[in-house]
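A quick write-up on the structure given underneath.
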There are 2 protein chains.
Amino acid sequence: MARQLTPRGAQRRNELMEFATSRFAENGYHPTSVAELVDGLGVGKGVFYWYFESKEELFIEILRDGERALRRAQWDAMGDETDPLARLEVGIRASMEWWNTHRNLYVLIEFARTEASFASGIRKGEKVALADTQKLIQEAMDAGTIPDGNPVVISQAVLGVSSVLARTQLLGRGRAPADVASEVIDFCRHGLGGAPVPEQAQRSA
Amino acid sequence: MARQLTPRGAQRRNELMEFATSRFAENGYHPTSVAELVDGLGVGKGVFYWYFESKEELFIEILRDGERALRRAQWDAMGDETDPLARLEVGIRASMEWWNTHRNLYVLIEFARTEASFASGIRKGEKVALADTQKLIQEAMDAGTIPDGNPVVISQAVLGVSSVLARTQLLGRGRAPADVASEVIDFCRHGLGGAPVPEQAQRSA
DNA sequence: CCCAGAGTTGACCGGGCAGTCAAGTACGCT
DNA sequence: AGCGTACTTGACTGCCCGGTCAACTCTGGG
């Protein structure tokens, strides 16, 4: 890899990645052949192997690019905010906006988790996201803003709510990112929120 | 399809489905060839096509079987319980036990969502699960047990928390199903805002 | 205008894949 | 024992896939 690219070459490479992203997302990674990709762009097969060592490398590159971009979007959005829960909220809102404009990445990541050759990379990315979230949760607990609890589990739950509502509401039903983000935040703050179950004592403060 | 099977035939068919389930989960659907499946069982290729019309049909069958079994496990567990939130809790606990003993199905369903040919079937199953959950949430709202809200979104959030903690805590970290279920229920009840329930009170009825 | 190297072509290759089938075997019933 | 049918075999087919490569074109710097 690490080939010297002119601006023209960099653009071609981008074209390939973008087209592949949409084809992979719509048809699946395996059912999409390299021939289909190059035909779709009206170029010869050699072009593909000029820019990528293999179909697999291309896919990994797409995932890496996506993760990096999402993380950057979150980081940019959180910017100057200092309160941990506010940072979390801003991060969730930014993620939702990002997923809204990069819908294909969602299904690609979901697929990548299901195959040994890609799963390890995904897990690494998820560890980073978890660590980021966990840090905020821990800070909020230390500050007494939220009650103590297992920060890992809670972080995973928060990420899970974001993820599933991104899939169902944002991508599935085309709802506005800001609205979905609000619903995520709302659920994460209060859960079902209501009275306790049948039995069992009320918590204290 | 709908071939007449002797007991011996039914057993062979089962062997194929179980072996395929584990191979698909470990290696991925596409990378697992029919030859690999029959070789793994030490039988000829014709055996496969005696019991299944195609590799695709086998996979769909696996998914259908799994969904049906999970739904039945939930239904059996909820049994006599009448209070909607208690039913929800019991259902979550049953699901967690089920996922614990059918770990392979999780990754198979996750994959199936990423490919057009399988996604529609998965979505149908998810609609059913959503409808079940939504009904309970709506009942709880009507009874005033929990505050009003969008029952669809809330149900999806509850299912999302279950799903993600099943993946990360149960399957990923090998935690006990009952513990993970408690954490799911806890988060769904209070989100970040409430104190964790010390020792979940056992159901009454 | 020339040339070095980036970019492109598409025929080609080896191989593995899903699926077929004619021939055979095991089994249950009478 | 004889027969129908459930079951099994594995060589075979046709297809398509990922990847290669020798030859070609384009482009910019000197």
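Ordering of the structure tokens sets the chain letters (A, B, ...); residue numbers start at 1 within each chain; ligands are numbered from 1 in the order shown.
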
Subject >> Filtered DSSP result for chain A, state helix (DSSP H, G or I), as a ChimeraX atom specification >> reply: /A:7-27,34-41,45-51,55-78,84-101,103-112,116-142,151-172,177-190

Neighbours of chain C in chain A at 8 Å, counting only C-alpha atoms (C1' of nucleotides), as a tab-separated table (two decimals) with C-alpha atoms, in the first residue's frame:
```tsv
chain	number	residue	atom	x	y	z
A	5	LEU	CA	-1.06	9.36	-5.45
A	6	THR	CA	-1.57	12.44	-7.56
A	9	GLY	CA	-5.40	9.32	-8.24
A	43	VAL	CA	-13.19	1.44	-15.57
A	44	GLY	CA	-10.98	-1.57	-16.06
A	45	LYS	CA	-10.27	-4.09	-13.37
A	46	GLY	CA	-6.67	-3.04	-13.06
A	47	VAL	CA	-7.77	0.29	-11.66
```

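Between atom CA of Ala77 of chain B and atom CA of Gly91 of chain B there is a distance of 6.6 Å.
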
For the contact check between chain A and chain B, emit one row per residue of chain A within 7 Å, containing the shortest atom pair and the distance in Å rounded to one decimal, counting only C-alpha atoms, chain then rising number order, as a Markdown table.
```
| residue | atom | partner | partner_atom | distance |
| --- | --- | --- | --- | --- |
| A:Glu26 | CA | B:Ala116 | CA | 6.9 |
| A:Asn27 | CA | B:Glu115 | CA | 6.0 |
| A:Gly28 | CA | B:Glu115 | CA | 5.1 |
| A:His30 | CA | B:His30 | CA | 6.7 |
| A:Val107 | CA | B:Thr114 | CA | 5.7 |
| A:Glu110 | CA | B:Glu110 | CA | 6.7 |
| A:Phe111 | CA | B:Phe111 | CA | 5.5 |
| A:Thr114 | CA | B:Phe111 | CA | 5.7 |
| A:Glu115 | CA | B:Gly28 | CA | 5.2 |
| A:Ala116 | CA | B:Asn27 | CA | 6.2 |
| A:Ile146 | CA | B:Gly193 | CA | 5.9 |
| A:Pro147 | CA | B:Ala195 | CA | 5.4 |
| A:Gly149 | CA | B:Pro196 | CA | 6.7 |
| A:Gln156 | CA | B:Leu165 | CA | 6.9 |
| A:Ala157 | CA | B:Val161 | CA | 5.4 |
| A:Gly160 | CA | B:Val164 | CA | 5.4 |
| A:Val161 | CA | B:Ala157 | CA | 5.3 |
| A:Val164 | CA | B:Gly160 | CA | 5.3 |
| A:Leu165 | CA | B:Ala157 | CA | 6.7 |
| A:Phe187 | CA | B:Gly191 | CA | 6.5 |
| A:Cys188 | CA | B:Gly191 | CA | 4.7 |
| A:Arg189 | CA | B:Leu192 | CA | 4.9 |
| A:His190 | CA | B:Gly191 | CA | 4.6 |
| A:Gly191 | CA | B:Gly191 | CA | 4.1 |
| A:Leu192 | CA | B:Arg189 | CA | 4.9 |
| A:Gly193 | CA | B:His190 | CA | 5.5 |
| A:Gly194 | CA | B:Ile146 | CA | 3.8 |
| A:Ala195 | CA | B:Thr145 | CA | 5.6 |
| A:Val197 | CA | B:Leu85 | CA | 6.8 |
| A:Glu199 | CA | B:Ala201 | CA | 6.6 |
| A:Gln200 | CA | B:Ala201 | CA | 5.7 |
| A:Arg203 | CA | B:Ala195 | CA | 6.6 |
```

Export N, CA and C atoms of the chosen residues as a compact mmCIF listing (two decimals), in the first residue's frame?
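Heads up, here's the output in part_39.txt:
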```txt
# COMPACT_ATOMS: atom_id res chain seq x y z
N GLU A 26 -25.81 -2.08 0.21
CA GLU A 26 -27.09 -2.48 -0.40
C GLU A 26 -27.15 -3.98 -0.68
N ASN A 27 -26.03 -4.52 -1.14
CA ASN A 27 -26.03 -5.91 -1.59
C ASN A 27 -25.30 -6.88 -0.67
N GLY A 28 -24.53 -6.33 0.20
CA GLY A 28 -23.68 -7.19 1.03
C GLY A 28 -22.26 -7.22 0.50
N HIS A 30 -19.95 -9.84 0.42
CA HIS A 30 -19.60 -10.98 -0.41
C HIS A 30 -20.30 -11.01 -1.76
N VAL A 107 -24.75 -0.40 8.40
CA VAL A 107 -24.92 -1.81 8.02
C VAL A 107 -23.58 -2.47 7.75
N GLU A 110 -22.22 -3.43 11.06
CA GLU A 110 -23.00 -4.55 11.58
C GLU A 110 -22.55 -5.86 10.92
N PHE A 111 -22.32 -5.80 9.63
CA PHE A 111 -21.83 -6.99 8.95
C PHE A 111 -20.44 -7.37 9.44
N THR A 114 -19.86 -9.71 12.14
CA THR A 114 -20.31 -11.09 12.02
C THR A 114 -19.29 -11.99 11.34
N GLU A 115 -18.14 -11.44 10.98
CA GLU A 115 -17.19 -12.30 10.29
C GLU A 115 -15.82 -12.15 10.93
N ALA A 116 -15.22 -13.28 11.23
CA ALA A 116 -13.99 -13.31 12.03
C ALA A 116 -12.94 -12.35 11.51
N ILE A 146 -25.01 11.63 38.98
CA ILE A 146 -25.84 10.43 38.83
C ILE A 146 -25.39 9.42 39.88
N PRO A 147 -26.29 8.54 40.26
CA PRO A 147 -25.95 7.56 41.29
C PRO A 147 -24.86 6.61 40.81
N GLY A 149 -22.92 3.14 40.03
CA GLY A 149 -23.34 1.93 39.33
C GLY A 149 -22.15 1.43 38.54
N GLN A 156 -22.38 0.81 28.04
CA GLN A 156 -22.83 -0.06 26.96
C GLN A 156 -24.31 0.10 26.71
N ALA A 157 -25.06 0.28 27.78
CA ALA A 157 -26.49 0.48 27.63
C ALA A 157 -26.79 1.77 26.88
N GLY A 160 -25.94 1.33 23.39
CA GLY A 160 -26.92 0.44 22.78
C GLY A 160 -28.20 1.16 22.42
N VAL A 161 -28.67 2.01 23.30
CA VAL A 161 -29.88 2.77 23.00
C VAL A 161 -29.64 3.68 21.80
N VAL A 164 -29.50 1.40 18.61
CA VAL A 164 -30.73 0.78 18.15
C VAL A 164 -31.74 1.83 17.68
N LEU A 165 -31.76 2.98 18.33
CA LEU A 165 -32.68 4.01 17.85
C LEU A 165 -32.17 4.67 16.58
N PHE A 187 -34.50 8.64 27.18
CA PHE A 187 -34.57 7.28 27.73
C PHE A 187 -33.38 7.00 28.65
N CYS A 188 -32.22 7.44 28.22
CA CYS A 188 -31.03 7.18 29.02
C CYS A 188 -31.10 7.89 30.36
N ARG A 189 -31.72 9.05 30.42
CA ARG A 189 -31.83 9.77 31.68
C ARG A 189 -32.77 9.08 32.65
N HIS A 190 -33.95 8.72 32.15
CA HIS A 190 -34.98 8.26 33.09
C HIS A 190 -35.43 6.83 32.88
N GLY A 191 -35.03 6.21 31.80
CA GLY A 191 -35.54 4.87 31.52
C GLY A 191 -37.04 4.94 31.37
N LEU A 192 -37.71 3.94 31.87
CA LEU A 192 -39.16 3.95 31.83
C LEU A 192 -39.70 4.98 32.80
N GLY A 193 -38.87 5.26 33.78
CA GLY A 193 -39.11 6.43 34.61
C GLY A 193 -40.19 6.33 35.64
N GLY A 194 -41.04 5.39 35.52
CA GLY A 194 -42.22 5.43 36.36
C GLY A 194 -42.05 4.82 37.72
N ALA A 195 -43.14 4.47 38.24
CA ALA A 195 -43.20 3.89 39.57
C ALA A 195 -42.43 2.56 39.57
N VAL A 197 -41.73 -1.43 40.32
CA VAL A 197 -42.51 -2.63 40.03
C VAL A 197 -43.38 -3.00 41.21
N GLU A 199 -43.73 -5.08 43.77
CA GLU A 199 -43.22 -5.14 45.15
C GLU A 199 -42.19 -4.05 45.41
N GLN A 200 -41.29 -4.28 46.31
CA GLN A 200 -39.99 -3.62 46.42
C GLN A 200 -40.03 -2.14 46.80
N ARG A 203 -36.36 3.72 46.20
CA ARG A 203 -35.01 4.14 46.51
C ARG A 203 -35.05 5.40 47.38
```

Wanna dump the chain D-chain B contacts at 10 Å for me, each residue with its shortest atom pair and the distance in Å to one decimal, counting only C-alpha atoms (C1' of nucleotides), ordered by chain and number, as JSON lines?
```
{"residue": "D:DA6", "atom": "C1'", "partner": "B:Thr6", "partner_atom": "CA", "distance": 7.3}
{"residue": "D:DC7", "atom": "C1'", "partner": "B:Gly9", "partner_atom": "CA", "distance": 7.6}
{"residue": "D:DT8", "atom": "C1'", "partner": "B:Val47", "partner_atom": "CA", "distance": 6.3}
{"residue": "D:DT9", "atom": "C1'", "partner": "B:Gly44", "partner_atom": "CA", "distance": 5.6}
{"residue": "D:DG10", "atom": "C1'", "partner": "B:Gly44", "partner_atom": "CA", "distance": 6.5}
```

Original post:
Do you know which residues are at most 12 Å from Asp132 of chain A counting only C-alpha atoms (C1' of nucleotides), after dropping those on the same chain fewer than 2 positions away, and could you put them as a count of residues only?
Top reply: 27

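Atom pair atom C1' of DC12 of chain D / atom CA of Glu53 of chain B: separated by 19.1 Å.
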
**OP:** Within 12 Å of Lys124 of chain A, counting only C-alpha atoms (C1' of nucleotides), which residues show up once you throw out same-chain ones fewer than 6 positions away? Write them as a ChimeraX atom specification, please.
**Re:** /A:63-64,67,113,118,130-131

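Pairwise distance (atom CA of Phe52 of chain B, atom CA of Leu105 of chain B) equals 19.2 Å.
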